[in-house]
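**Q** The structure's right below; bear with me while I get my questions together.
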Amino acid sequence: MDFSLTDDQRNIREAVLKHCSQFSDEYWLEHDRSGEFPSDFHLSLAEAGWLGIAMPESVGGAGLGITEAAIMMQAISEAGGGMSAASAVHGPVFSLEPIELFGTEEQKQRMIPPILSGEQKMCFAVTEPNVGLDTTRLKTRAEKVAGGYRVNGEKIWITNAHVADKMMLLARTTPLEECTRKTQGLSLFFTDLNRANIEHRIIPKMGRHAVGSNMVFISDLFIPEEDRIGEEGEGFRIILKGLNPERILLGAEAIGLGKVAIDRAARYARERIVFDRPIGMNQGIQHPLAKCWAQLEAASLMLLKAANLFDKGEECGVEANAGKYLAAEAGFEACHTAMLTLGGMGYAQEYHVERYLREVLIPRTAPVSPHMILNFIAEHVLELPRSY
């Protein structure tokens, strides 16, 4: 049992931190204010080959695992870009997994390389209004027509739909009442985001303004049959393969945010003089920061355990969910503590911790709430009755 990163993994971390240092705190603050997608940041990581870290070399990737992807995503967030930086690029890291696992060779070669190179951007369209996490009740309908499918429906909270060229879409191909199991009848597609048939509306939100969240309205969108991933009706089973990596990566990003917040707060506490002494001498400042550091380190270990299990092909649902829960809670407390450490200046944009606090609420809430994770652990670990 080894809790240390390998030399290659440490090199990945250092290389990503160095790459991201080209994009200053002011860069991210300006994009947060303007709401402009960080296209140059996205393209720089694509050109450096980082977007394909967990994809096979045969499609232009690095052939590494989710462990290395988590290390990379933590470093991206920790470098100061937070969720704005991470959400600009983490989609390709885990969202292409269904194509790699279930797509044909033709689909892999056609669909994956343009995303990894930065030539195209993608979004992941699953969530719908009034459905929440009850994915089997999705209402977006893909009806079979000559040569493919005709799709109508609505999606919500679709990251980057306003800038995407491609869309990973989950839609119902068989009405729920005609299925013997509610998980049947959903199909997965990777297709053009044709704006003649798709309207997006940006959702005004609390943070991560540089990476838009969207309502998406789909009207008579034609999807050719060759854009369906896997068997018709098996889309739910296919997307399940990407849920654990998503939880691991979101957790890693929360850890990164917590670490940059604590580092910034500790620096301020060393330099801020009140009553002729640095405030960092006071245990009322020291202890909360030290507690946050310990919690972040512990959460990081659980995430790495989950990533290691996934890369070995072993079951990791409990560990991935627990790691995401611990990381998001620790990241939130770290960002809040950093803000309190800076006092009034913690509320000022120029010190950036208020931005970290706003953004850390994303991994705390999505892609699954802390309450649903606790439900999952209670049921699958403690063998308590299912509560929902």
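Chain identifiers are assigned as A, B, and so on, following the order in which chains appear in the structure tokens; residues are numbered from 1 within each chain, and ligands are numbered from 1 in order of appearance.
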Hey, which bits of segment 32-151 of chain A sit within 9 Å of segment 160-164 of chain A, and for each residue what's the closest pair of atoms and how far apart in Å (one decimal), counting only C-alpha atoms, rows by chain and increasing number, as CSV?

**A**
```
residue,atom,partner,partner_atom,distance
A:Phe37,CA,A:Val163,CA,8.0
A:Ser87,CA,A:Asn160,CA,8.6
A:Ala88,CA,A:Asn160,CA,7.8
A:Gln120,CA,A:Ala164,CA,7.2
A:Lys121,CA,A:Ala164,CA,4.7
A:Met122,CA,A:Ala164,CA,4.7
A:Cys123,CA,A:Ala161,CA,5.5
A:Phe124,CA,A:Ala161,CA,8.2
A:Ala125,CA,A:Ala161,CA,8.4
```

**Q** Please write the residues from the selection above to a file, keeping C-alpha atoms, as a compact mmCIF listing (two decimals), in the first residue's frame.

**A**
```txt
# COMPACT_ATOMS: atom_id res chain seq x y z
CA PHE A 37 -15.72 31.65 -22.13
CA SER A 87 -15.33 23.29 -16.13
CA ALA A 88 -13.89 24.71 -19.34
CA GLN A 120 -14.48 21.27 -31.42
CA LYS A 121 -16.11 21.81 -28.02
CA MET A 122 -18.76 19.58 -26.50
CA CYS A 123 -21.53 19.59 -23.91
CA PHE A 124 -23.22 16.78 -21.98
CA ALA A 125 -27.02 17.00 -22.21
```

**Q** Quick one: residues within 10 Å of Thr191 of chain A, only C-alpha atoms counted, chain neighbours fewer than 4 positions away excluded, as a PDB file with N, CA and C atoms, in the first residue's frame?

**A**
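This is the output file selection.pdb:
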```
ATOM      1  N   MET A 111     -15.174  10.967 -33.783  1.00  0.00           N
ATOM      2  CA  MET A 111     -15.746  11.827 -32.749  1.00  0.00           C
ATOM      3  C   MET A 111     -14.741  12.359 -31.736  1.00  0.00           C
ATOM      4  N   MET A 122     -17.607  20.440 -26.704  1.00  0.00           N
ATOM      5  CA  MET A 122     -18.758  19.578 -26.498  1.00  0.00           C
ATOM      6  C   MET A 122     -19.501  19.955 -25.232  1.00  0.00           C
ATOM      7  N   ASP A 165     -19.895  22.684 -30.120  1.00  0.00           N
ATOM      8  CA  ASP A 165     -20.142  22.224 -31.487  1.00  0.00           C
ATOM      9  C   ASP A 165     -20.827  20.860 -31.492  1.00  0.00           C
ATOM     10  N   LYS A 166     -20.557  20.068 -30.454  1.00  0.00           N
ATOM     11  CA  LYS A 166     -21.081  18.711 -30.352  1.00  0.00           C
ATOM     12  C   LYS A 166     -21.826  18.543 -29.033  1.00  0.00           C
ATOM     13  N   MET A 167     -22.724  17.556 -29.018  1.00  0.00           N
ATOM     14  CA  MET A 167     -23.554  17.325 -27.840  1.00  0.00           C
ATOM     15  C   MET A 167     -23.666  15.822 -27.583  1.00  0.00           C
ATOM     16  N   MET A 168     -23.362  15.425 -26.342  1.00  0.00           N
ATOM     17  CA  MET A 168     -23.665  14.072 -25.888  1.00  0.00           C
ATOM     18  C   MET A 168     -25.062  14.127 -25.290  1.00  0.00           C
ATOM     19  N   LEU A 169     -25.991  13.436 -25.909  1.00  0.00           N
ATOM     20  CA  LEU A 169     -27.408  13.579 -25.584  1.00  0.00           C
ATOM     21  C   LEU A 169     -28.010  12.250 -25.162  1.00  0.00           C
ATOM     22  N   PHE A 222     -32.736  16.350 -36.252  1.00  0.00           N
ATOM     23  CA  PHE A 222     -32.457  15.052 -36.868  1.00  0.00           C
ATOM     24  C   PHE A 222     -31.066  14.584 -36.449  1.00  0.00           C
ATOM     25  N   ILE A 223     -31.005  13.364 -35.929  1.00  0.00           N
ATOM     26  CA  ILE A 223     -29.730  12.746 -35.567  1.00  0.00           C
ATOM     27  C   ILE A 223     -29.558  11.485 -36.415  1.00  0.00           C
ATOM     28  N   PRO A 224     -28.528  11.414 -37.244  1.00  0.00           N
ATOM     29  CA  PRO A 224     -28.324  10.199 -38.052  1.00  0.00           C
ATOM     30  C   PRO A 224     -28.024   8.993 -37.170  1.00  0.00           C
ATOM     31  N   GLU A 225     -28.419   7.838 -37.631  1.00  0.00           N
ATOM     32  CA  GLU A 225     -28.262   6.614 -36.843  1.00  0.00           C
ATOM     33  C   GLU A 225     -26.806   6.355 -36.488  1.00  0.00           C
ATOM     34  N   GLU A 226     -25.883   6.771 -37.347  1.00  0.00           N
ATOM     35  CA  GLU A 226     -24.460   6.531 -37.064  1.00  0.00           C
ATOM     36  C   GLU A 226     -23.931   7.360 -35.901  1.00  0.00           C
ATOM     37  N   ASP A 227     -24.762   8.278 -35.372  1.00  0.00           N
ATOM     38  CA  ASP A 227     -24.362   9.069 -34.214  1.00  0.00           C
ATOM     39  C   ASP A 227     -24.869   8.475 -32.898  1.00  0.00           C
ATOM     40  N   ARG A 228     -25.571   7.343 -32.961  1.00  0.00           N
ATOM     41  CA  ARG A 228     -25.992   6.677 -31.723  1.00  0.00           C
ATOM     42  C   ARG A 228     -24.828   5.878 -31.161  1.00  0.00           C
ATOM     43  N   ILE A 229     -24.608   5.995 -29.862  1.00  0.00           N
ATOM     44  CA  ILE A 229     -23.525   5.279 -29.190  1.00  0.00           C
ATOM     45  C   ILE A 229     -24.102   4.025 -28.534  1.00  0.00           C
TER      46      ILE A 229
END
```

**Q** Write out, as a Markdown table, each residue of segment 228-288 of chain A that has an atom at most 10 Å from segment 311-323 of chain A, together with the closest pair of atoms and their distance in Å to one decimal, counting only C-alpha atoms, rows going by chain and rising number.

**A**
```
| residue | atom | partner | partner_atom | distance |
| --- | --- | --- | --- | --- |
| A:Leu243 | CA | A:Gly317 | CA | 8.7 |
| A:Asn244 | CA | A:Ala320 | CA | 5.7 |
| A:Pro245 | CA | A:Ala320 | CA | 7.6 |
| A:Glu246 | CA | A:Ala320 | CA | 8.8 |
| A:Arg247 | CA | A:Ala320 | CA | 6.0 |
| A:Ile248 | CA | A:Ala320 | CA | 5.6 |
| A:Leu249 | CA | A:Ala320 | CA | 9.4 |
| A:Leu250 | CA | A:Gly323 | CA | 9.7 |
| A:Gly251 | CA | A:Gly323 | CA | 6.6 |
| A:Ala252 | CA | A:Gly323 | CA | 8.8 |
```

**Q** Just to be explicit: take each residue in the selection above, keep N, CA and C atoms, and write the result as a compact mmCIF listing (two decimals), in the first residue's frame.

**A**
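Here's the written file again-v7.txt:
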```
# COMPACT_ATOMS: atom_id res chain seq x y z
N LEU A 243 -20.28 7.96 -14.53
CA LEU A 243 -20.68 8.67 -13.32
C LEU A 243 -19.59 8.69 -12.26
N ASN A 244 -18.92 7.55 -12.05
CA ASN A 244 -17.87 7.53 -11.02
C ASN A 244 -16.68 8.43 -11.38
N PRO A 245 -16.18 8.40 -12.63
CA PRO A 245 -15.12 9.35 -12.99
C PRO A 245 -15.55 10.80 -12.80
N GLU A 246 -16.80 11.11 -13.12
CA GLU A 246 -17.27 12.49 -12.95
C GLU A 246 -17.22 12.90 -11.48
N ARG A 247 -17.66 12.02 -10.59
CA ARG A 247 -17.61 12.34 -9.16
C ARG A 247 -16.17 12.52 -8.69
N ILE A 248 -15.28 11.68 -9.17
CA ILE A 248 -13.87 11.77 -8.77
C ILE A 248 -13.28 13.10 -9.23
N LEU A 249 -13.54 13.48 -10.47
CA LEU A 249 -12.97 14.72 -11.00
C LEU A 249 -13.55 15.95 -10.32
N LEU A 250 -14.86 15.97 -10.09
CA LEU A 250 -15.46 17.12 -9.39
C LEU A 250 -14.90 17.23 -7.98
N GLY A 251 -14.70 16.09 -7.33
CA GLY A 251 -14.08 16.12 -6.01
C GLY A 251 -12.67 16.68 -6.04
N ALA A 252 -11.90 16.26 -7.04
CA ALA A 252 -10.53 16.77 -7.18
C ALA A 252 -10.52 18.27 -7.38
```

**Q** Within 10 Å of Gly49 of chain A, counting only C-alpha atoms, which residues show up once you throw out same-chain ones fewer than 5 positions away? Write them as a PyMOL selection string, please.

**A** chain A and resi 43-44+60-62+116-118

**Q** Keeping only C-alpha atoms, take the residues you just selected and write them out as a PDB file, in the first residue's frame.

**A**
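Heads up, here's the output in result-v2.pdb:
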```pdb
ATOM      1  CA  LEU A  43      -7.177  25.844 -26.563  1.00  0.00           C
ATOM      2  CA  SER A  44      -3.816  26.062 -24.783  1.00  0.00           C
ATOM      3  CA  GLY A  60      -4.862  11.115 -29.809  1.00  0.00           C
ATOM      4  CA  GLY A  61      -4.875  10.708 -26.047  1.00  0.00           C
ATOM      5  CA  ALA A  62      -2.140  10.038 -23.515  1.00  0.00           C
ATOM      6  CA  LEU A 116      -9.113  16.464 -27.792  1.00  0.00           C
ATOM      7  CA  SER A 117      -7.395  18.812 -30.250  1.00  0.00           C
ATOM      8  CA  GLY A 118      -9.638  21.731 -29.327  1.00  0.00           C
TER       9      GLY A 118
END
```

**Q** Out of segment 41-239 of chain A, which residues get helix (DSSP H, G or I) from DSSP, as JSON, numbers by chain?

**A** {"A": [41, 42, 43, 44, 45, 46, 47, 50, 51, 52, 57, 58, 59, 66, 67, 68, 69, 70, 71, 72, 73, 74, 75, 76, 77, 78, 79, 80, 81, 82, 83, 84, 85, 86, 87, 88, 89, 90, 91, 92, 93, 94, 95, 97, 98, 99, 100, 101, 102, 105, 106, 107, 108, 109, 110, 111, 112, 113, 114, 115, 116, 135, 136, 137, 176, 177, 178, 225, 226, 227, 235, 236, 237, 238, 239]}

**Q** For the residues in that selection, give me C-alpha atoms as a short mmCIF file (atom, residue, chain, number, x, y, z; two decimals), in the first residue's frame.

**A**
```cif
data_model
loop_
_atom_site.label_atom_id
_atom_site.label_comp_id
_atom_site.auth_asym_id
_atom_site.auth_seq_id
_atom_site.Cartn_x
_atom_site.Cartn_y
_atom_site.Cartn_z
CA PHE A 41 -7.15 28.72 -21.87
CA HIS A 42 -9.16 25.82 -23.33
CA LEU A 43 -7.18 25.84 -26.56
CA SER A 44 -3.82 26.06 -24.78
CA LEU A 45 -4.55 22.89 -22.79
CA ALA A 46 -5.81 21.14 -25.92
CA GLU A 47 -2.70 22.06 -27.88
CA TRP A 50 -3.88 17.62 -21.67
CA LEU A 51 -7.52 17.13 -22.75
CA GLY A 52 -6.79 13.56 -23.79
CA GLU A 57 -3.25 6.92 -27.74
CA SER A 58 -5.13 5.48 -30.73
CA VAL A 59 -7.47 8.50 -30.69
CA ILE A 66 -8.61 8.69 -14.13
CA THR A 67 -6.02 8.91 -11.35
CA GLU A 68 -3.81 11.09 -13.55
CA ALA A 69 -6.90 13.00 -14.75
CA ALA A 70 -7.85 13.76 -11.15
CA ILE A 71 -4.32 14.96 -10.41
CA MET A 72 -4.52 17.21 -13.46
CA MET A 73 -7.96 18.62 -12.62
CA GLN A 74 -6.95 19.35 -9.02
CA ALA A 75 -3.90 21.25 -10.29
CA ILE A 76 -6.00 23.25 -12.78
CA SER A 77 -8.37 24.31 -10.03
CA GLU A 78 -5.59 24.86 -7.50
CA ALA A 79 -3.69 27.14 -9.88
CA GLY A 80 -6.33 29.80 -9.25
CA GLY A 81 -8.78 29.20 -12.08
CA GLY A 82 -11.11 27.23 -9.85
CA MET A 83 -14.28 25.84 -11.38
CA SER A 84 -14.14 28.31 -14.27
CA ALA A 85 -10.90 26.74 -15.44
CA ALA A 86 -11.87 23.18 -14.56
CA SER A 87 -15.33 23.29 -16.13
CA ALA A 88 -13.89 24.71 -19.34
CA VAL A 89 -11.98 21.48 -19.93
CA HIS A 90 -13.13 18.59 -17.74
CA GLY A 91 -15.94 17.51 -20.08
CA PRO A 92 -13.61 15.85 -22.59
CA VAL A 93 -11.79 14.07 -19.77
CA PHE A 94 -14.79 11.98 -18.67
CA SER A 95 -17.63 12.67 -21.11
CA GLU A 97 -15.68 7.66 -21.98
CA PRO A 98 -18.96 6.23 -23.41
CA ILE A 99 -17.63 6.58 -26.95
CA GLU A 100 -14.37 4.88 -26.07
CA LEU A 101 -16.12 2.03 -24.25
CA PHE A 102 -19.19 1.50 -26.45
CA GLU A 105 -13.93 2.14 -34.22
CA GLU A 106 -15.28 4.51 -36.87
CA GLN A 107 -17.08 6.54 -34.20
CA LYS A 108 -13.99 6.74 -32.00
CA GLN A 109 -11.82 8.04 -34.83
CA ARG A 110 -14.49 10.47 -36.05
CA MET A 111 -15.75 11.83 -32.75
CA ILE A 112 -12.91 11.91 -30.22
CA PRO A 113 -9.85 13.52 -31.90
CA PRO A 114 -11.54 16.85 -32.80
CA ILE A 115 -12.56 17.32 -29.14
CA LEU A 116 -9.11 16.46 -27.79
CA THR A 135 -32.94 10.03 -14.98
CA THR A 136 -35.21 7.19 -16.05
CA ARG A 137 -38.09 9.67 -16.33
CA LEU A 176 -41.40 4.45 -20.39
CA GLU A 177 -44.79 2.70 -20.23
CA GLU A 178 -43.66 0.28 -22.95
CA GLU A 225 -28.26 6.61 -36.84
CA GLU A 226 -24.46 6.53 -37.06
CA ASP A 227 -24.36 9.07 -34.21
CA GLY A 235 -28.14 4.57 -22.96
CA PHE A 236 -28.78 4.53 -19.21
CA ARG A 237 -26.44 1.58 -18.71
CA ILE A 238 -23.81 3.31 -20.86
CA ILE A 239 -23.81 6.65 -19.02
#
```

**Q** List the neighbours of Gly331 of chain A out to 10 Å using only C-alpha atoms; skip same-chain residues closer than 3 positions along the sequence, and give me the result as a compact mmCIF listing (two decimals) with N, CA and C atoms, in the first residue's frame.

**A**
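Below is the file part-v2.txt, written as the result:
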```
# COMPACT_ATOMS: atom_id res chain seq x y z
N GLY A 251 -14.70 16.09 -7.33
CA GLY A 251 -14.08 16.12 -6.01
C GLY A 251 -12.67 16.68 -6.04
N ALA A 252 -11.90 16.26 -7.04
CA ALA A 252 -10.53 16.77 -7.18
C ALA A 252 -10.52 18.27 -7.38
N GLU A 253 -11.48 18.78 -8.14
CA GLU A 253 -11.55 20.22 -8.38
C GLU A 253 -11.91 20.96 -7.09
N ALA A 254 -12.77 20.37 -6.26
CA ALA A 254 -13.09 20.98 -4.97
C ALA A 254 -11.86 21.01 -4.07
N ILE A 255 -11.07 19.94 -4.10
CA ILE A 255 -9.82 19.91 -3.33
C ILE A 255 -8.89 21.04 -3.79
N GLY A 256 -8.77 21.21 -5.10
CA GLY A 256 -7.92 22.26 -5.63
C GLY A 256 -8.35 23.64 -5.17
N LEU A 257 -9.66 23.89 -5.21
CA LEU A 257 -10.16 25.17 -4.73
C LEU A 257 -9.87 25.37 -3.25
N GLY A 258 -10.10 24.33 -2.46
CA GLY A 258 -9.82 24.43 -1.03
C GLY A 258 -8.36 24.71 -0.76
N LYS A 259 -7.47 24.07 -1.52
CA LYS A 259 -6.04 24.26 -1.29
C LYS A 259 -5.59 25.67 -1.65
N VAL A 260 -6.05 26.20 -2.78
CA VAL A 260 -5.63 27.55 -3.15
C VAL A 260 -6.20 28.57 -2.17
N ALA A 261 -7.40 28.32 -1.66
CA ALA A 261 -7.99 29.23 -0.68
C ALA A 261 -7.20 29.24 0.62
N ILE A 262 -6.82 28.05 1.10
CA ILE A 262 -6.05 27.97 2.35
C ILE A 262 -4.66 28.57 2.17
N CYS A 292 -8.68 22.71 8.20
CA CYS A 292 -9.05 22.62 6.79
C CYS A 292 -7.99 21.87 5.98
N TRP A 293 -6.72 22.15 6.27
CA TRP A 293 -5.65 21.44 5.57
C TRP A 293 -5.77 19.94 5.78
N GLN A 295 -8.41 18.15 6.61
CA GLN A 295 -9.61 17.62 5.97
C GLN A 295 -9.42 17.48 4.46
N LEU A 296 -8.75 18.44 3.85
CA LEU A 296 -8.48 18.36 2.42
C LEU A 296 -7.57 17.18 2.08
N ALA A 299 -9.60 13.91 2.40
CA ALA A 299 -10.52 13.74 1.27
C ALA A 299 -9.78 13.36 0.01
N TYR A 325 -18.12 13.52 -1.74
CA TYR A 325 -18.77 14.14 -0.58
C TYR A 325 -17.74 14.80 0.34
N LEU A 326 -16.71 14.05 0.71
CA LEU A 326 -15.70 14.58 1.63
C LEU A 326 -14.95 15.76 1.02
N ALA A 327 -14.62 15.66 -0.26
CA ALA A 327 -13.87 16.73 -0.93
C ALA A 327 -14.69 18.00 -1.02
N ALA A 328 -15.97 17.86 -1.37
CA ALA A 328 -16.81 19.04 -1.52
C ALA A 328 -17.05 19.73 -0.17
N ALA A 334 -12.96 25.07 3.63
CA ALA A 334 -11.68 25.74 3.41
C ALA A 334 -11.89 27.13 2.79
N CYS A 335 -12.76 27.21 1.79
CA CYS A 335 -13.00 28.51 1.15
C CYS A 335 -13.69 29.48 2.10
N HIS A 336 -14.63 28.97 2.88
CA HIS A 336 -15.31 29.83 3.86
C HIS A 336 -14.34 30.30 4.93
N THR A 337 -13.50 29.40 5.41
CA THR A 337 -12.51 29.76 6.42
C THR A 337 -11.51 30.78 5.88
N TYR A 356 -13.63 32.02 -5.01
CA TYR A 356 -13.46 30.60 -4.68
C TYR A 356 -14.69 30.08 -3.92
N LEU A 357 -15.18 30.88 -2.97
CA LEU A 357 -16.32 30.45 -2.17
C LEU A 357 -17.56 30.28 -3.04
N VAL A 360 -16.97 27.01 -5.21
CA VAL A 360 -16.91 25.71 -4.56
C VAL A 360 -18.30 25.16 -4.26
N LEU A 361 -19.32 26.02 -4.33
CA LEU A 361 -20.68 25.53 -4.15
C LEU A 361 -21.11 24.62 -5.30
N PRO A 363 -19.23 22.03 -6.96
CA PRO A 363 -18.99 20.61 -6.65
C PRO A 363 -19.67 20.15 -5.37
N ARG A 364 -20.04 21.09 -4.51
CA ARG A 364 -20.78 20.68 -3.32
C ARG A 364 -22.21 20.25 -3.68
```

**Q** Run DSSP on the backbone and give me the residues of segment 131-190 of chain A it puts in strand (DSSP E or B), as a PyMOL selection string.

**A** chain A and resi 141-145+148-159+166-172+186-190

**Q** Residues of the last selection are to be written out with N, CA and C atoms, as a PDB file, in the first residue's frame.

**A**
```pdb
ATOM      1  N   ARG A 141     -37.591  13.118 -26.303  1.00  0.00           N
ATOM      2  CA  ARG A 141     -37.983  11.950 -27.103  1.00  0.00           C
ATOM      3  C   ARG A 141     -37.219  11.917 -28.413  1.00  0.00           C
ATOM      4  N   ALA A 142     -36.631  10.767 -28.719  1.00  0.00           N
ATOM      5  CA  ALA A 142     -35.972  10.527 -29.998  1.00  0.00           C
ATOM      6  C   ALA A 142     -36.764   9.470 -30.747  1.00  0.00           C
ATOM      7  N   GLU A 143     -37.535   9.896 -31.724  1.00  0.00           N
ATOM      8  CA  GLU A 143     -38.393   8.978 -32.484  1.00  0.00           C
ATOM      9  C   GLU A 143     -37.665   8.480 -33.721  1.00  0.00           C
ATOM     10  N   LYS A 144     -37.769   7.199 -33.971  1.00  0.00           N
ATOM     11  CA  LYS A 144     -37.098   6.591 -35.126  1.00  0.00           C
ATOM     12  C   LYS A 144     -37.752   7.085 -36.417  1.00  0.00           C
ATOM     13  N   VAL A 145     -36.893   7.544 -37.324  1.00  0.00           N
ATOM     14  CA  VAL A 145     -37.326   7.948 -38.656  1.00  0.00           C
ATOM     15  C   VAL A 145     -36.336   7.358 -39.653  1.00  0.00           C
ATOM     16  N   GLY A 148     -32.407   7.641 -39.144  1.00  0.00           N
ATOM     17  CA  GLY A 148     -31.970   8.129 -37.841  1.00  0.00           C
ATOM     18  C   GLY A 148     -33.121   8.407 -36.897  1.00  0.00           C
ATOM     19  N   TYR A 149     -33.063   9.551 -36.223  1.00  0.00           N
ATOM     20  CA  TYR A 149     -34.024   9.877 -35.167  1.00  0.00           C
ATOM     21  C   TYR A 149     -34.410  11.353 -35.258  1.00  0.00           C
ATOM     22  N   ARG A 150     -35.650  11.641 -34.865  1.00  0.00           N
ATOM     23  CA  ARG A 150     -36.131  13.010 -34.759  1.00  0.00           C
ATOM     24  C   ARG A 150     -36.323  13.305 -33.269  1.00  0.00           C
ATOM     25  N   VAL A 151     -35.650  14.348 -32.775  1.00  0.00           N
ATOM     26  CA  VAL A 151     -35.588  14.591 -31.332  1.00  0.00           C
ATOM     27  C   VAL A 151     -36.295  15.892 -30.976  1.00  0.00           C
ATOM     28  N   ASN A 152     -37.091  15.830 -29.910  1.00  0.00           N
ATOM     29  CA  ASN A 152     -37.741  17.004 -29.333  1.00  0.00           C
ATOM     30  C   ASN A 152     -37.666  16.914 -27.816  1.00  0.00           C
ATOM     31  N   GLY A 153     -37.419  18.050 -27.172  1.00  0.00           N
ATOM     32  CA  GLY A 153     -37.380  18.054 -25.714  1.00  0.00           C
ATOM     33  C   GLY A 153     -36.635  19.243 -25.156  1.00  0.00           C
ATOM     34  N   GLU A 154     -36.440  19.218 -23.843  1.00  0.00           N
ATOM     35  CA  GLU A 154     -35.751  20.292 -23.144  1.00  0.00           C
ATOM     36  C   GLU A 154     -34.701  19.706 -22.206  1.00  0.00           C
ATOM     37  N   LYS A 155     -33.604  20.435 -22.051  1.00  0.00           N
ATOM     38  CA  LYS A 155     -32.561  20.083 -21.099  1.00  0.00           C
ATOM     39  C   LYS A 155     -32.234  21.312 -20.256  1.00  0.00           C
ATOM     40  N   ILE A 156     -31.666  21.091 -19.082  1.00  0.00           N
ATOM     41  CA  ILE A 156     -31.344  22.211 -18.199  1.00  0.00           C
ATOM     42  C   ILE A 156     -30.001  21.975 -17.521  1.00  0.00           C
ATOM     43  N   TRP A 157     -29.346  23.077 -17.165  1.00  0.00           N
ATOM     44  CA  TRP A 157     -28.023  23.062 -16.534  1.00  0.00           C
ATOM     45  C   TRP A 157     -26.984  22.372 -17.424  1.00  0.00           C
ATOM     46  N   ILE A 158     -27.041  22.712 -18.715  1.00  0.00           N
ATOM     47  CA  ILE A 158     -26.124  22.096 -19.668  1.00  0.00           C
ATOM     48  C   ILE A 158     -24.921  23.018 -19.840  1.00  0.00           C
ATOM     49  N   THR A 159     -23.812  22.604 -19.263  1.00  0.00           N
ATOM     50  CA  THR A 159     -22.581  23.404 -19.269  1.00  0.00           C
ATOM     51  C   THR A 159     -22.026  23.521 -20.681  1.00  0.00           C
ATOM     52  N   LYS A 166     -20.557  20.068 -30.454  1.00  0.00           N
ATOM     53  CA  LYS A 166     -21.081  18.711 -30.352  1.00  0.00           C
ATOM     54  C   LYS A 166     -21.826  18.543 -29.033  1.00  0.00           C
ATOM     55  N   MET A 167     -22.724  17.556 -29.018  1.00  0.00           N
ATOM     56  CA  MET A 167     -23.554  17.325 -27.840  1.00  0.00           C
ATOM     57  C   MET A 167     -23.666  15.822 -27.583  1.00  0.00           C
ATOM     58  N   MET A 168     -23.362  15.425 -26.342  1.00  0.00           N
ATOM     59  CA  MET A 168     -23.665  14.072 -25.888  1.00  0.00           C
ATOM     60  C   MET A 168     -25.062  14.127 -25.290  1.00  0.00           C
ATOM     61  N   LEU A 169     -25.991  13.436 -25.909  1.00  0.00           N
ATOM     62  CA  LEU A 169     -27.408  13.579 -25.584  1.00  0.00           C
ATOM     63  C   LEU A 169     -28.010  12.250 -25.162  1.00  0.00           C
ATOM     64  N   LEU A 170     -28.725  12.261 -24.039  1.00  0.00           N
ATOM     65  CA  LEU A 170     -29.487  11.098 -23.604  1.00  0.00           C
ATOM     66  C   LEU A 170     -30.960  11.395 -23.833  1.00  0.00           C
ATOM     67  N   ALA A 171     -31.631  10.535 -24.586  1.00  0.00           N
ATOM     68  CA  ALA A 171     -33.042  10.741 -24.919  1.00  0.00           C
ATOM     69  C   ALA A 171     -33.773   9.412 -24.890  1.00  0.00           C
ATOM     70  N   ARG A 172     -35.083   9.497 -24.713  1.00  0.00           N
ATOM     71  CA  ARG A 172     -35.891   8.280 -24.649  1.00  0.00           C
ATOM     72  C   ARG A 172     -36.320   7.865 -26.053  1.00  0.00           C
ATOM     73  N   LEU A 186     -33.793   4.231 -23.036  1.00  0.00           N
ATOM     74  CA  LEU A 186     -33.036   5.467 -23.188  1.00  0.00           C
ATOM     75  C   LEU A 186     -31.840   5.197 -24.085  1.00  0.00           C
ATOM     76  N   SER A 187     -31.564   6.112 -25.014  1.00  0.00           N
ATOM     77  CA  SER A 187     -30.442   5.924 -25.938  1.00  0.00           C
ATOM     78  C   SER A 187     -29.517   7.130 -25.887  1.00  0.00           C
ATOM     79  N   LEU A 188     -28.247   6.858 -26.170  1.00  0.00           N
ATOM     80  CA  LEU A 188     -27.214   7.888 -26.083  1.00  0.00           C
ATOM     81  C   LEU A 188     -26.725   8.239 -27.486  1.00  0.00           C
ATOM     82  N   PHE A 189     -26.566   9.553 -27.713  1.00  0.00           N
ATOM     83  CA  PHE A 189     -26.123  10.044 -29.011  1.00  0.00           C
ATOM     84  C   PHE A 189     -24.972  11.041 -28.822  1.00  0.00           C
ATOM     85  N   PHE A 190     -24.079  11.078 -29.780  1.00  0.00           N
ATOM     86  CA  PHE A 190     -23.064  12.137 -29.840  1.00  0.00           C
ATOM     87  C   PHE A 190     -23.180  12.744 -31.225  1.00  0.00           C
TER      88      PHE A 190
END
```
